[in-house]
file run-v8.cif (mmCIF, C-alpha atoms and all ligand atoms)
data_input
loop_
_atom_site.label_atom_id
_atom_site.label_comp_id
_atom_site.auth_asym_id
_atom_site.auth_seq_id
_atom_site.Cartn_x
_atom_site.Cartn_y
_atom_site.Cartn_z
CA MET A 63 1.25 -6.78 -7.47
CA GLU A 64 4.19 -7.78 -9.55
CA LYS A 65 7.12 -9.00 -7.45
CA ARG A 66 10.21 -7.82 -9.29
CA LEU A 67 13.25 -6.34 -7.71
CA LEU A 68 16.79 -5.30 -8.34
CA LEU A 69 19.59 -6.43 -6.09
CA ILE A 70 22.91 -4.55 -6.22
CA ASP A 71 25.99 -5.76 -4.38
CA ASP A 72 29.63 -5.92 -5.40
CA GLU A 73 30.04 -9.25 -3.62
CA ARG A 74 28.88 -11.96 -5.97
CA PRO A 75 28.29 -14.63 -3.24
CA ILE A 76 25.86 -12.35 -1.43
CA LEU A 77 24.04 -11.68 -4.69
CA GLU A 78 23.73 -15.38 -5.32
CA VAL A 79 22.53 -16.33 -1.84
CA LEU A 80 20.03 -13.48 -1.59
CA GLY A 81 18.93 -14.04 -5.17
CA ILE A 82 18.07 -17.64 -4.44
CA SER A 83 16.16 -16.97 -1.25
CA LEU A 84 14.18 -14.09 -2.74
CA ALA A 85 13.35 -16.16 -5.78
CA ALA A 86 12.06 -18.76 -3.36
CA GLU A 87 9.76 -16.06 -1.96
CA GLY A 88 8.34 -15.57 -5.42
CA TYR A 89 10.39 -12.60 -6.56
CA GLU A 90 11.75 -12.16 -10.02
CA VAL A 91 15.24 -10.98 -9.09
CA PHE A 92 17.56 -8.89 -11.27
CA THR A 93 21.11 -8.66 -10.01
CA ALA A 94 23.91 -6.18 -10.60
CA GLU A 95 27.48 -6.10 -9.31
CA SER A 96 27.86 -2.34 -9.50
CA GLY A 97 25.82 0.80 -9.14
CA TYR A 98 26.18 1.66 -12.82
CA GLN A 99 25.07 -1.73 -13.99
CA GLY A 100 22.24 -1.59 -11.49
CA LEU A 101 20.92 1.73 -12.74
CA GLU A 102 21.02 0.46 -16.30
CA ILE A 103 18.92 -2.55 -15.39
CA PHE A 104 16.63 -0.39 -13.24
CA GLU A 105 15.81 1.76 -16.22
CA ARG A 106 15.61 -0.96 -18.78
CA GLU A 107 13.33 -3.19 -16.72
CA LYS A 108 11.29 -0.32 -15.33
CA LEU A 109 11.67 -1.64 -11.82
CA LYS A 110 10.24 -0.06 -8.72
CA LEU A 111 11.96 -1.94 -5.94
CA VAL A 112 15.71 -1.85 -5.33
CA VAL A 113 17.93 -3.40 -2.66
CA THR A 114 21.44 -2.04 -2.69
CA ASP A 115 24.55 -2.43 -0.62
CA ILE A 116 25.95 0.81 0.68
CA LYS A 117 29.67 0.23 0.38
CA MET A 118 30.66 -0.45 -3.18
CA PRO A 119 33.58 0.65 -5.28
CA GLY A 120 32.70 3.27 -7.89
CA MET A 121 29.19 4.34 -7.21
CA ASP A 122 28.15 3.74 -3.61
CA GLY A 123 24.71 2.87 -2.32
CA ILE A 124 23.79 6.43 -1.38
CA GLU A 125 24.52 7.59 -4.91
CA VAL A 126 22.48 4.71 -6.33
CA LEU A 127 19.63 5.70 -4.00
CA LYS A 128 19.76 9.35 -5.13
CA ARG A 129 19.81 8.47 -8.81
CA VAL A 130 17.03 5.93 -8.50
CA LYS A 131 14.88 8.54 -6.75
CA THR A 132 15.62 11.06 -9.47
CA LEU A 133 14.79 8.58 -12.20
CA ASN A 134 11.57 7.53 -10.53
CA PRO A 135 10.47 9.22 -7.32
CA GLU A 136 7.95 6.47 -6.77
CA ALA A 137 10.56 3.71 -6.64
CA GLU A 138 11.50 2.38 -3.21
CA VAL A 139 15.04 1.57 -2.16
CA VAL A 140 16.18 -0.62 0.73
CA VAL A 141 19.81 -0.03 1.64
CA ILE A 142 22.11 -2.59 3.23
CA THR A 143 24.41 -0.85 5.76
CA GLY A 144 27.32 -2.08 7.82
CA HIS A 145 26.61 -3.41 11.28
CA GLY A 146 26.35 -0.56 13.79
CA ASP A 147 26.92 2.08 11.12
CA MET A 148 24.20 4.41 12.42
CA GLU A 149 25.52 7.40 10.52
CA SER A 150 25.04 5.78 7.13
CA ALA A 151 21.66 4.46 8.22
CA ILE A 152 20.49 7.96 9.06
CA ALA A 153 22.01 9.34 5.87
CA VAL A 154 20.15 6.88 3.64
CA LEU A 155 16.84 7.49 5.36
CA ARG A 156 17.36 11.19 4.89
CA GLU A 157 17.95 10.62 1.20
CA GLY A 158 14.59 8.93 0.91
CA ALA A 159 15.41 5.25 1.34
CA SER A 160 12.36 3.32 2.29
CA ASP A 161 14.32 1.31 4.84
CA PHE A 162 17.74 0.00 5.81
CA ILE A 163 18.89 -3.42 6.98
CA THR A 164 22.23 -4.21 8.54
CA LYS A 165 24.82 -6.77 7.72
CA PRO A 166 24.92 -9.67 8.28
CA ILE A 167 21.62 -9.86 6.45
CA LYS A 168 18.82 -11.73 8.19
CA GLU A 169 16.29 -13.00 5.74
CA GLU A 170 13.24 -12.06 7.83
CA ALA A 171 14.53 -8.52 8.24
CA LEU A 172 15.00 -8.21 4.50
CA LEU A 173 11.56 -9.64 3.71
CA LEU A 174 9.95 -7.34 6.22
CA ALA A 175 11.71 -4.32 4.71
CA LEU A 176 10.66 -5.42 1.23
CA ARG A 177 7.05 -5.83 2.29
CA ARG A 178 7.00 -2.36 3.79
CA ALA A 179 8.52 -0.94 0.62
CA GLU A 180 5.94 -2.74 -1.48
CA ARG A 181 3.16 -1.35 0.66
CA LYS A 182 4.47 2.15 0.06
CA ILE A 183 4.53 1.56 -3.68
CA GLU A 184 1.00 0.19 -3.58
CA MET A 185 -0.27 3.14 -1.57
CA ALA A 186 1.42 5.62 -3.88
CA ASP A 187 -0.17 3.85 -6.86
CA LEU A 188 -3.58 3.92 -5.27
CA ILE A 189 -3.34 7.60 -4.44
CA LYS A 190 -2.16 8.33 -7.94
CA GLN A 191 -5.05 6.44 -9.51
CA TYR A 192 -7.46 8.07 -7.15
CA THR A 193 -6.24 11.58 -7.96
CA LEU A 194 -6.18 10.82 -11.66
CA GLY A 195 -9.73 9.54 -11.40
CA LEU A 196 -10.76 12.63 -9.50
CA GLU A 197 -9.19 14.97 -12.01
CA GLU A 198 -10.87 13.11 -14.83
CA LYS A 199 -14.22 13.28 -13.06
CA VAL A 200 -13.84 16.99 -12.41
CA ALA A 201 -12.92 17.56 -16.05
CA GLN A 202 -15.88 15.47 -17.16
CA TYR A 203 -18.31 17.34 -14.88
CA LYS A 204 -16.92 20.60 -16.13
CA ARG A 205 -17.50 19.55 -19.73
CA GLU A 206 -21.03 18.44 -18.92
CA LEU A 207 -21.74 21.69 -17.13
CA GLU A 208 -20.47 23.73 -20.05
CA LEU A 209 -22.62 21.78 -22.46
CA ALA A 210 -25.64 22.24 -20.23
CA GLN A 211 -24.97 25.95 -20.01
CA GLU A 212 -24.69 26.30 -23.76
CA GLU A 213 -27.91 24.38 -24.20
CA LEU A 214 -29.63 26.58 -21.64
CA LEU A 215 -28.48 29.76 -23.36
CA LYS A 216 -29.71 28.48 -26.69
CA ARG A 217 -33.06 27.60 -25.24
CA GLU A 218 -33.33 30.91 -23.43
CA ARG A 219 -32.61 32.77 -26.62
CA LEU A 220 -35.23 30.78 -28.47
CA ALA A 221 -37.71 31.29 -25.66
CA THR A 222 -36.94 35.01 -25.69
CA ILE A 223 -37.58 35.31 -29.38
CA GLY A 224 -40.73 33.25 -29.03
CA GLU A 225 -42.02 35.36 -26.17
CA THR A 226 -41.17 38.56 -27.95
CA VAL A 227 -43.03 37.54 -31.06
CA ALA A 228 -46.01 36.29 -29.08
CA GLY A 229 -46.18 39.48 -27.01
CA LEU A 230 -45.90 41.64 -30.10
CA ALA A 231 -48.50 39.71 -32.03
CA HIS A 232 -50.90 40.08 -29.14
CA TYR A 233 -50.36 43.80 -28.82
CA ILE A 234 -50.56 44.42 -32.56
CA LYS A 235 -53.79 42.44 -32.71
CA ASN A 236 -55.21 44.72 -30.02
CA ILE A 237 -54.29 47.78 -32.01
CA LEU A 238 -55.71 46.28 -35.20
CA ASN A 239 -58.99 45.51 -33.49
CA ALA A 240 -59.18 49.07 -32.24
CA LEU A 241 -58.37 50.32 -35.77
CA LYS A 242 -61.10 48.12 -37.22
CA GLY A 243 -63.50 49.43 -34.58
CA GLY A 244 -62.57 52.97 -35.59
CA ALA A 245 -62.92 52.24 -39.29
CA TYR A 246 -66.33 50.64 -38.64
CA LYS A 247 -67.45 53.78 -36.82
CA VAL A 248 -66.15 55.97 -39.65
CA ASN A 249 -68.08 53.86 -42.18
CA SER A 250 -71.31 53.93 -40.18
CA GLY A 251 -70.84 57.65 -39.63
CA LEU A 252 -70.49 58.15 -43.36
CA ALA A 253 -73.44 55.88 -44.18
CA LYS A 254 -75.70 57.58 -41.64
CA SER A 255 -74.23 61.01 -42.25
CA ASP A 256 -73.63 61.08 -38.50
CA ARG A 257 -70.88 63.60 -37.91
CA ARG A 258 -70.39 62.69 -34.23
CA LEU A 259 -69.89 59.01 -35.04
CA LEU A 260 -67.53 59.96 -37.82
CA GLU A 261 -65.42 62.09 -35.50
CA GLU A 262 -65.31 59.43 -32.80
CA GLY A 263 -64.27 56.82 -35.32
CA TRP A 264 -61.64 59.05 -36.83
CA GLN A 265 -60.18 59.78 -33.37
CA MET A 266 -59.96 56.06 -32.65
CA VAL A 267 -58.13 55.51 -35.91
CA GLN A 268 -55.68 58.33 -35.15
CA ARG A 269 -55.03 57.17 -31.59
CA ASN A 270 -54.19 53.71 -32.77
CA ILE A 271 -51.98 54.89 -35.58
CA GLU A 272 -50.12 56.81 -32.86
CA ARG A 273 -49.88 53.65 -30.76
CA ILE A 274 -48.46 51.58 -33.55
CA SER A 275 -45.90 54.20 -34.50
CA GLN A 276 -44.88 54.51 -30.84
CA LEU A 277 -44.53 50.73 -30.75
CA SER A 278 -42.21 50.64 -33.72
CA LEU A 279 -40.08 53.41 -32.17
CA ASP A 280 -39.90 51.46 -28.90
CA LEU A 281 -38.93 48.29 -30.70
CA LEU A 282 -36.18 50.10 -32.53
CA ASP A 283 -34.83 51.54 -29.29
CA PHE A 284 -35.12 48.19 -27.64
CA SER A 285 -33.34 46.18 -30.30
CA LYS A 286 -30.27 48.40 -30.54
CA GLU A 287 -27.33 48.84 -28.25
CA ARG A 288 -27.24 52.59 -28.20
CA VAL A 289 -24.66 55.04 -27.00
CA PRO A 290 -26.59 57.96 -25.50
CA ASP A 291 -26.59 61.01 -27.74
CA ARG A 292 -25.42 63.37 -25.01
CA THR A 293 -26.08 67.08 -25.12
CA PRO A 294 -26.03 69.63 -22.30
CA CYS A 295 -29.42 69.79 -20.66
CA ASP A 296 -31.18 71.10 -17.60
CA PRO A 297 -32.66 68.19 -15.62
CA ARG A 298 -35.25 70.56 -14.13
CA SER A 299 -36.77 71.41 -17.47
CA LEU A 300 -36.68 67.74 -18.48
CA VAL A 301 -38.81 66.82 -15.44
CA GLN A 302 -41.09 69.80 -16.03
CA GLU A 303 -41.61 68.83 -19.67
CA ALA A 304 -42.45 65.25 -18.74
CA ALA A 305 -44.85 66.53 -16.08
CA SER A 306 -46.61 68.76 -18.59
CA ILE A 307 -47.21 65.75 -20.82
CA ILE A 308 -48.68 63.72 -17.96
CA GLN A 309 -50.71 66.61 -16.56
CA PRO A 310 -53.80 66.13 -18.81
CA LEU A 311 -54.01 62.42 -17.94
CA ALA A 312 -53.63 63.31 -14.26
CA ASP A 313 -56.35 65.99 -14.46
CA GLU A 314 -58.72 63.66 -16.26
CA ASN A 315 -58.36 61.14 -13.44
CA ASN A 316 -58.35 63.52 -10.48
CA VAL A 317 -54.74 62.87 -9.68
CA GLU A 318 -52.76 65.72 -8.17
CA LEU A 319 -49.33 66.11 -9.71
CA ARG A 320 -46.67 67.61 -7.42
CA LEU A 321 -43.13 68.62 -8.31
CA HIS A 322 -40.20 69.12 -5.92
CA LEU A 323 -37.32 70.30 -8.01
CA GLU A 324 -33.97 71.23 -6.54
CA GLU A 325 -31.34 73.08 -8.48
CA VAL A 326 -28.92 70.38 -9.65
CA GLY A 327 -26.99 72.16 -12.36
CA GLU A 328 -26.35 71.01 -15.88
CA ALA A 329 -26.20 67.41 -17.06
CA TYR A 330 -25.04 65.70 -20.24
CA TRP A 331 -27.75 63.26 -21.15
CA ASP A 332 -29.60 61.92 -24.15
CA LYS A 333 -32.60 64.23 -23.86
CA ARG A 334 -34.98 62.11 -25.87
CA GLY A 335 -34.07 59.00 -23.87
CA ILE A 336 -34.42 60.55 -20.41
CA HIS A 337 -37.65 62.23 -21.53
CA ARG A 338 -38.94 58.78 -22.51
CA VAL A 339 -38.00 57.41 -19.05
CA LEU A 340 -39.69 60.24 -17.15
CA VAL A 341 -42.87 60.14 -19.22
CA ASN A 342 -43.13 56.40 -18.75
CA LEU A 343 -42.56 56.57 -14.99
CA GLY A 344 -45.07 59.39 -14.70
CA THR A 345 -47.65 57.64 -16.86
CA ASN A 346 -47.22 54.44 -14.87
CA ALA A 347 -47.75 56.40 -11.65
CA VAL A 348 -50.96 58.05 -12.89
CA ASP A 349 -52.12 54.68 -14.27
CA ALA A 350 -51.52 53.14 -10.84
CA CYS A 351 -53.93 55.73 -9.45
CA ARG A 352 -56.58 55.40 -12.11
CA PHE A 353 -56.51 51.60 -11.98
CA ASP A 354 -56.54 51.57 -8.17
CA PRO A 355 -59.66 49.66 -7.15
CA GLU A 356 -59.87 51.80 -4.03
CA ARG A 357 -61.92 54.76 -5.18
CA GLY A 358 -62.33 58.02 -3.36
CA LYS A 359 -58.70 58.19 -2.33
CA ARG A 360 -56.88 61.50 -2.74
CA PHE A 361 -54.46 60.43 -5.38
CA VAL A 362 -51.09 62.16 -5.59
CA VAL A 363 -48.18 61.63 -7.97
CA ALA A 364 -44.94 63.35 -7.00
CA MET A 365 -41.87 63.88 -9.14
CA SER A 366 -38.74 65.07 -7.41
CA LEU A 367 -35.25 66.03 -8.44
CA GLY A 368 -32.19 66.25 -6.19
CA LEU A 369 -28.58 65.31 -5.64
CA GLU A 370 -27.03 62.36 -3.88
CA LYS A 371 -23.48 61.19 -3.14
CA SER A 372 -22.50 57.74 -4.37
CA PRO A 373 -20.57 55.49 -1.94
CA SER A 374 -17.40 56.51 -3.75
CA GLY A 375 -18.21 60.16 -3.09
CA GLU A 376 -19.30 61.00 -6.63
CA GLU A 377 -22.21 63.36 -7.00
CA ARG A 378 -25.23 61.92 -8.78
CA ILE A 379 -28.57 63.24 -9.87
CA VAL A 380 -31.63 61.54 -8.41
CA ILE A 381 -35.11 61.60 -9.88
CA GLU A 382 -37.96 60.01 -7.95
CA VAL A 383 -41.49 59.37 -9.12
CA SER A 384 -43.90 58.23 -6.44
CA ASP A 385 -47.61 57.58 -6.29
CA ASN A 386 -50.13 56.46 -3.72
CA GLY A 387 -51.97 54.30 -6.25
CA SER A 388 -52.56 50.56 -6.40
CA GLY A 389 -49.01 49.41 -5.56
CA MET A 390 -47.81 46.05 -6.82
CA ASP A 391 -48.22 42.51 -5.63
CA GLU A 392 -45.23 40.22 -5.43
CA GLU A 393 -45.63 38.74 -8.91
CA THR A 394 -45.79 42.19 -10.47
CA ARG A 395 -42.79 43.38 -8.47
CA GLU A 396 -40.80 40.47 -9.87
CA LYS A 397 -41.84 41.03 -13.46
CA VAL A 398 -41.97 44.79 -13.96
CA PHE A 399 -38.75 44.86 -15.94
CA SER A 400 -39.62 41.90 -18.16
CA ARG A 401 -40.59 42.49 -21.72
CA PHE A 402 -44.29 42.61 -22.51
CA PHE A 403 -45.25 42.32 -18.89
CA SER A 404 -48.23 44.58 -18.42
CA THR A 405 -51.24 44.45 -16.14
CA LYS A 406 -53.01 47.02 -18.31
CA GLY A 407 -54.50 44.64 -20.84
CA GLY A 408 -54.61 46.20 -24.29
CA GLN A 409 -53.63 49.58 -22.89
CA GLY A 410 -49.96 48.85 -22.28
CA THR A 411 -47.21 47.11 -24.22
CA GLY A 412 -45.21 46.27 -21.13
CA LEU A 413 -42.13 47.67 -22.81
CA GLY A 414 -42.03 50.94 -20.88
CA LEU A 415 -40.01 49.95 -17.85
CA LEU A 416 -37.74 47.61 -19.75
CA LEU A 417 -36.85 50.43 -22.11
CA SER A 418 -36.49 52.89 -19.25
CA LYS A 419 -34.06 50.56 -17.55
CA LYS A 420 -32.09 50.13 -20.75
CA ILE A 421 -31.84 53.89 -21.28
CA VAL A 422 -30.87 54.59 -17.65
CA GLU A 423 -28.20 51.90 -17.75
CA GLU A 424 -26.85 53.20 -21.04
CA HIS A 425 -26.30 56.46 -19.14
CA GLY A 426 -24.37 54.58 -16.44
CA GLY A 427 -27.23 54.96 -13.97
CA GLN A 428 -29.57 52.72 -12.00
CA ILE A 429 -33.29 52.39 -11.68
CA SER A 430 -34.94 50.81 -8.64
CA PHE A 431 -38.30 50.86 -6.93
CA ASP A 432 -40.17 50.20 -3.77
CA SER A 433 -43.80 49.19 -3.86
CA THR A 434 -46.47 48.04 -1.44
CA LEU A 435 -49.77 46.66 -2.60
CA GLY A 436 -52.59 49.04 -1.74
CA GLN A 437 -50.24 51.80 -0.66
CA GLY A 438 -48.24 52.94 -3.62
CA THR A 439 -44.93 52.87 -5.44
CA LYS A 440 -41.77 54.90 -5.63
CA PHE A 441 -39.39 54.63 -8.56
CA LYS A 442 -35.89 56.01 -8.16
CA VAL A 443 -33.52 56.84 -10.98
CA VAL A 444 -29.92 57.66 -10.14
CA LEU A 445 -27.86 59.15 -12.95
CA PRO A 446 -24.30 60.35 -13.21
CA ARG A 447 -24.18 63.93 -14.43
CA GLY A 448 -22.28 62.75 -17.48
CA SER A 449 -19.88 64.75 -19.56
CA ARG A 450 -19.72 66.08 -23.07
CA LEU A 451 -18.51 63.28 -25.32
N1 LIG A 501 -46.16 53.02 -10.38
C1 LIG A 501 -46.65 51.77 -10.54
N2 LIG A 501 -47.58 51.27 -9.69
C2 LIG A 501 -48.06 50.04 -9.85
N3 LIG A 501 -47.70 49.19 -10.83
C3 LIG A 501 -46.78 49.63 -11.71
C4 LIG A 501 -46.19 50.91 -11.63
N4 LIG A 501 -45.30 51.06 -12.62
C5 LIG A 501 -45.33 49.90 -13.32
N5 LIG A 501 -46.22 49.03 -12.78
C6 LIG A 501 -46.51 47.67 -13.25
O1 LIG A 501 -45.50 47.26 -14.14
C7 LIG A 501 -46.05 46.89 -15.39
C8 LIG A 501 -45.05 47.18 -16.47
O2 LIG A 501 -44.86 48.57 -16.63
P1 LIG A 501 -44.34 49.11 -18.01
O3 LIG A 501 -44.21 50.57 -17.95
O4 LIG A 501 -43.14 48.32 -18.38
O5 LIG A 501 -45.47 48.65 -19.02
P2 LIG A 501 -46.93 49.26 -19.17
O6 LIG A 501 -47.00 50.58 -18.48
O7 LIG A 501 -47.90 48.23 -18.79
O8 LIG A 501 -47.00 49.47 -20.73
P3 LIG A 501 -46.18 50.57 -21.59
O9 LIG A 501 -45.26 49.75 -22.42
O10 LIG A 501 -47.21 51.24 -22.38
O11 LIG A 501 -45.45 51.44 -20.64
C9 LIG A 501 -47.34 47.67 -15.47
O12 LIG A 501 -48.26 47.05 -16.35
C10 LIG A 501 -47.81 47.62 -14.03
O13 LIG A 501 -48.41 46.40 -13.72
MG MG A 502 -45.58 52.13 -18.75
#

call {"tool": "encode", "arguments": {"input": "run-v8.cif", "output": "structure tokens", "more": "lines below"}}
Ligand SMILES: Nc1ncnc2c1ncn2[C@@H]1O[C@H](COP(=O)(O)OP(=O)(O)OP(=O)(O)O)[C@@H](O)[C@H]1O
Ligand SMILES: [Mg+2]
result
Amino acid sequence: MEKRLLLIDDERPILEVLGISLAAEGYEVFTAESGYQGLEIFEREKLKLVVTDIKMPGMDGIEVLKRVKTLNPEAEVVVITGHGDMESAIAVLREGASDFITKPIKEEALLLALRRAERKIEMADLIKQYTLGLEEKVAQYKRELELAQEELLKRERLATIGETVAGLAHYIKNILNALKGGAYKVNSGLAKSDRRLLEEGWQMVQRNIERISQLSLDLLDFSKERVPDRTPCDPRSLVQEAASIIQPLADENNVELRLHLEEVGEAYWDKRGIHRVLVNLGTNAVDACRFDPERGKRFVVAMSLGLEKSPSGEERIVIEVSDNGSGMDEETREKVFSRFFSTKGGQGTGLGLLLSKKIVEEHGGQISFDSTLGQGTKFKVVLPRGSRL
């Protein structure tokens, strides 16, 4: 460390004697005969170590100490006090002097005080560098983290688009194959004048046209942020309507469909959207029964409607759809709400639940489920009643 110091004393002989002995210790010594002159040198030379006499005409040592500390709080000041002048000694320490020595000055005492002051300066420097380094590191890590996050988002978006396109292509190919199969049957029916074949083929074609138009509707719903088109509606009739659509599929597969509908009053929902949710949940439930490997079970799908209080005391409408079908394994439970996740092969797009969730959330509601493999599944939709708007 640089050994430079400022010595202030109004008595020239003392300045000279101390100057010489400190120079002999390797210090570069600046001297001043008054506080004012001292402060000027202190600033000009950017010094950090000051030794000043306390009793001086004009500006005294305590004032010098105060000003030095204001100019540079990291500078250290050793004050020379009169012999036995404890009051001044205490005063200078209180003002932040690093040390005091008494007159007559003993060289060892001065050197010791200087060394202690230098140590303080060194420590302060070290701490400062350390904190600066830390701050810089934190800032650098933060920058790196932000970059990594941006990169991740970009990649996720790309991956999402990629997955979406891949899932779509797969599903559309399925539909096209089915269409081709239908067209083939129609052709053979025509060639062989086989009316039954013709009808079968034509039905296949129609079913798949329906599938592809449903898909494009779903994709439209899915790609837009929509504000629900709210109109007054009766939740009971919404559930009943959805049930009537699922009923044929349930009958075909020997699934009993049960309804438990409480009176819940009027709601303000997007009818088409909630209808879509209920039909999908119901279809999923019947599917879970018809795809259940355990045959011979008495399959039941139940749809219920009721009221519930939210933790904040608000009344909400609850719709539950439960089945005692296949249930889900852990992987399925984790992925049900992901796009294009379907365990139904060509028979499902895997958009149903994702869309349902989107619609329910657009209504300010929540969708959740509970499912055990081999035992069944219960989906729960909680919706605020909503208001005209
Ligand atoms: N009630 C249920 N029981 C068991 N598994 C279910 C149930 N509901 C959903 N799943 C699982 O979640 C998957 C995703 O359901 P989702 O409704 O999103 O798509 P999907 O029914 O396969 O196709 P679609 O887009 O035609 O609805 C299903 O393929 C099925 O594996
Ligand atoms: Mg579905």

call {"tool": "atom_distance", "arguments": {"input": "run-v8.cif", "atom1": "atom P3 of ligand LIG 501 (chain A)", "atom2": "atom CA of Thr411 of chain A"}}
result
4.5 Å

call {"tool": "atom_distance", "arguments": {"input": "run-v8.cif", "atom1": "atom CA of Val154 of chain A", "atom2": "atom CA of Val140 of chain A"}}
result
9.0 Å

call {"tool": "closest_atom_pairs", "arguments": {"input": "run-v8.cif", "of": "chain A", "to": "ligand LIG 501 (chain A)", "cutoff": "9 Å", "atoms": "all atoms listed in the file", "output": "CSV"}}
result
residue,atom,partner,partner_atom,distance
A:Leu277,CA,A:LIG501,O9,8.4
A:Asp280,CA,A:LIG501,O9,8.6
A:Asn342,CA,A:LIG501,O11,5.8
A:Leu343,CA,A:LIG501,N4,6.6
A:Gly344,CA,A:LIG501,N1,7.8
A:Thr345,CA,A:LIG501,O6,7.3
A:Asn346,CA,A:LIG501,N4,4.5
A:Ala347,CA,A:LIG501,N1,3.9
A:Val348,CA,A:LIG501,N1,7.4
A:Asp349,CA,A:LIG501,C1,7.2
A:Ala350,CA,A:LIG501,N2,4.5
A:Cys351,CA,A:LIG501,N2,7.8
A:Phe353,CA,A:LIG501,C2,8.9
A:Asp354,CA,A:LIG501,C2,8.8
A:Val383,CA,A:LIG501,N1,8.0
A:Ser384,CA,A:LIG501,N1,6.9
A:Asp385,CA,A:LIG501,N1,6.3
A:Asn386,CA,A:LIG501,N2,8.3
A:Gly387,CA,A:LIG501,N2,6.3
A:Ser388,CA,A:LIG501,C2,5.7
A:Gly389,CA,A:LIG501,C2,4.4
A:Met390,CA,A:LIG501,C2,5.0
A:Asp391,CA,A:LIG501,N3,8.5
A:Thr394,CA,A:LIG501,O13,5.9
A:Arg395,CA,A:LIG501,O1,7.4
A:Lys397,CA,A:LIG501,O1,7.3
A:Val398,CA,A:LIG501,O1,4.3
A:Phe399,CA,A:LIG501,O4,6.1
A:Ser400,CA,A:LIG501,O4,7.3
A:Arg401,CA,A:LIG501,O4,7.2
A:Phe402,CA,A:LIG501,O5,7.1
A:Phe403,CA,A:LIG501,C8,5.4
A:Ser404,CA,A:LIG501,O12,3.2
A:Thr405,CA,A:LIG501,O12,4.0
A:Lys406,CA,A:LIG501,O12,5.1
A:Gly407,CA,A:LIG501,O7,7.8
A:Gly408,CA,A:LIG501,O7,8.9
A:Gln409,CA,A:LIG501,O10,6.7
A:Gly410,CA,A:LIG501,O8,3.4
A:Thr411,CA,A:LIG501,O9,3.7
A:Gly412,CA,A:LIG501,O5,3.2
A:Leu413,CA,A:LIG501,O9,3.8
A:Gly414,CA,A:LIG501,O11,3.5
A:Leu415,CA,A:LIG501,O4,3.6
A:Leu416,CA,A:LIG501,O4,5.6
A:Leu417,CA,A:LIG501,O4,7.6
A:Ser418,CA,A:LIG501,O4,8.1
A:Phe431,CA,A:LIG501,N1,8.9
A:Ser433,CA,A:LIG501,N2,7.3
A:Thr434,CA,A:LIG501,C2,8.8
A:Leu435,CA,A:LIG501,C2,8.2
A:Gly438,CA,A:LIG501,N2,6.3
A:Thr439,CA,A:LIG501,N1,5.1
A:Lys440,CA,A:LIG501,N1,6.7
A:Phe441,CA,A:LIG501,N1,7.2

call {"tool": "closest_residue", "arguments": {"input": "run-v8.cif", "among": "A:Arg450, A:Leu173, A:Thr164, A:Gly123", "to": "Ser83 of chain A", "atoms": "only C-alpha atoms"}}
result
A:Leu173

call {"tool": "atom_distance", "arguments": {"input": "run-v8.cif", "atom1": "atom CA of Thr143 of chain A", "atom2": "atom CA of Ile124 of chain A"}}
result
10.2 Å

call {"tool": "residues_around", "arguments": {"input": "run-v8.cif", "residues": "Ile103 of chain A", "least_positions_apart": "2", "cutoff": "12 Å", "atoms": "all atoms listed in the file", "output": "PyMOL selection string"}}
result
chain A and resi 66-70+91-101+105-112+130

call {"tool": "residues_near_point", "arguments": {"input": "run-v8.cif", "point": "(13.8, 2.8, 1.2)", "cutoff": "6 Å", "atoms": "only C-alpha atoms", "output": "list in words"}}
result
Glu138, Val139, Val140, Ala159, Ser160 and Asp161 of chain A

call {"tool": "closest_residue", "arguments": {"input": "run-v8.cif", "among": "A:Arg217, A:Arg447, A:His145, A:Arg352", "to": "Asp296 of chain A", "atoms": "only C-alpha atoms"}}
result
A:Arg447

call {"tool": "closest_residue", "arguments": {"input": "run-v8.cif", "among": "A:Leu319, A:Leu207, A:Leu80, A:Ile142", "to": "Gln302 of chain A", "atoms": "only C-alpha atoms"}}
result
A:Leu319

call {"tool": "residues_around", "arguments": {"input": "run-v8.cif", "residues": "segment 367-372 of chain A", "least_positions_apart": "4", "cutoff": "12 Å", "atoms": "all atoms listed in the file", "output": "PyMOL selection string"}}
result
chain A and resi 296-302+320-329+340+376-384+427-428+442-447

call {"tool": "closest_residue", "arguments": {"input": "run-v8.cif", "among": "A:Ala171, A:Val341, A:Tyr203, A:Leu196", "to": "ligand MG 502 (chain A)", "atoms": "all atoms listed in the file"}}
result
A:Val341

call {"tool": "closest_residue", "arguments": {"input": "run-v8.cif", "among": "A:Arg288, A:Lys199, A:Lys168, A:Lys65", "to": "Glu87 of chain A", "atoms": "only C-alpha atoms"}}
result
A:Lys65

call {"tool": "residues_around", "arguments": {"input": "run-v8.cif", "residues": "segment 253-266 of chain A", "least_positions_apart": "6", "cutoff": "10 Å", "atoms": "only C-alpha atoms", "output": "ChimeraX atom specification"}}
result
/A:240-247,272

call {"tool": "residues_around", "arguments": {"input": "run-v8.cif", "residues": "segment 180-184 of chain A", "least_positions_apart": "2", "cutoff": "10 Å", "atoms": "all atoms listed in the file", "output": "tab-separated table (two decimals) with C-alpha atoms, in the frame of the given file"}}
result
chain	number	residue	atom	x	y	z
A	63	MET	CA	1.25	-6.78	-7.47
A	64	GLU	CA	4.19	-7.78	-9.55
A	65	LYS	CA	7.12	-9.00	-7.45
A	110	LYS	CA	10.24	-0.06	-8.72
A	111	LEU	CA	11.96	-1.94	-5.94
A	136	GLU	CA	7.95	6.47	-6.77
A	137	ALA	CA	10.56	3.71	-6.64
A	138	GLU	CA	11.50	2.38	-3.21
A	160	SER	CA	12.36	3.32	2.29
A	174	LEU	CA	9.95	-7.34	6.22
A	175	ALA	CA	11.71	-4.32	4.71
A	176	LEU	CA	10.66	-5.42	1.23
A	177	ARG	CA	7.05	-5.83	2.29
A	178	ARG	CA	7.00	-2.36	3.79
A	186	ALA	CA	1.42	5.62	-3.88
A	187	ASP	CA	-0.17	3.85	-6.86
A	188	LEU	CA	-3.58	3.92	-5.27
A	189	ILE	CA	-3.34	7.60	-4.44
A	190	LYS	CA	-2.16	8.33	-7.94
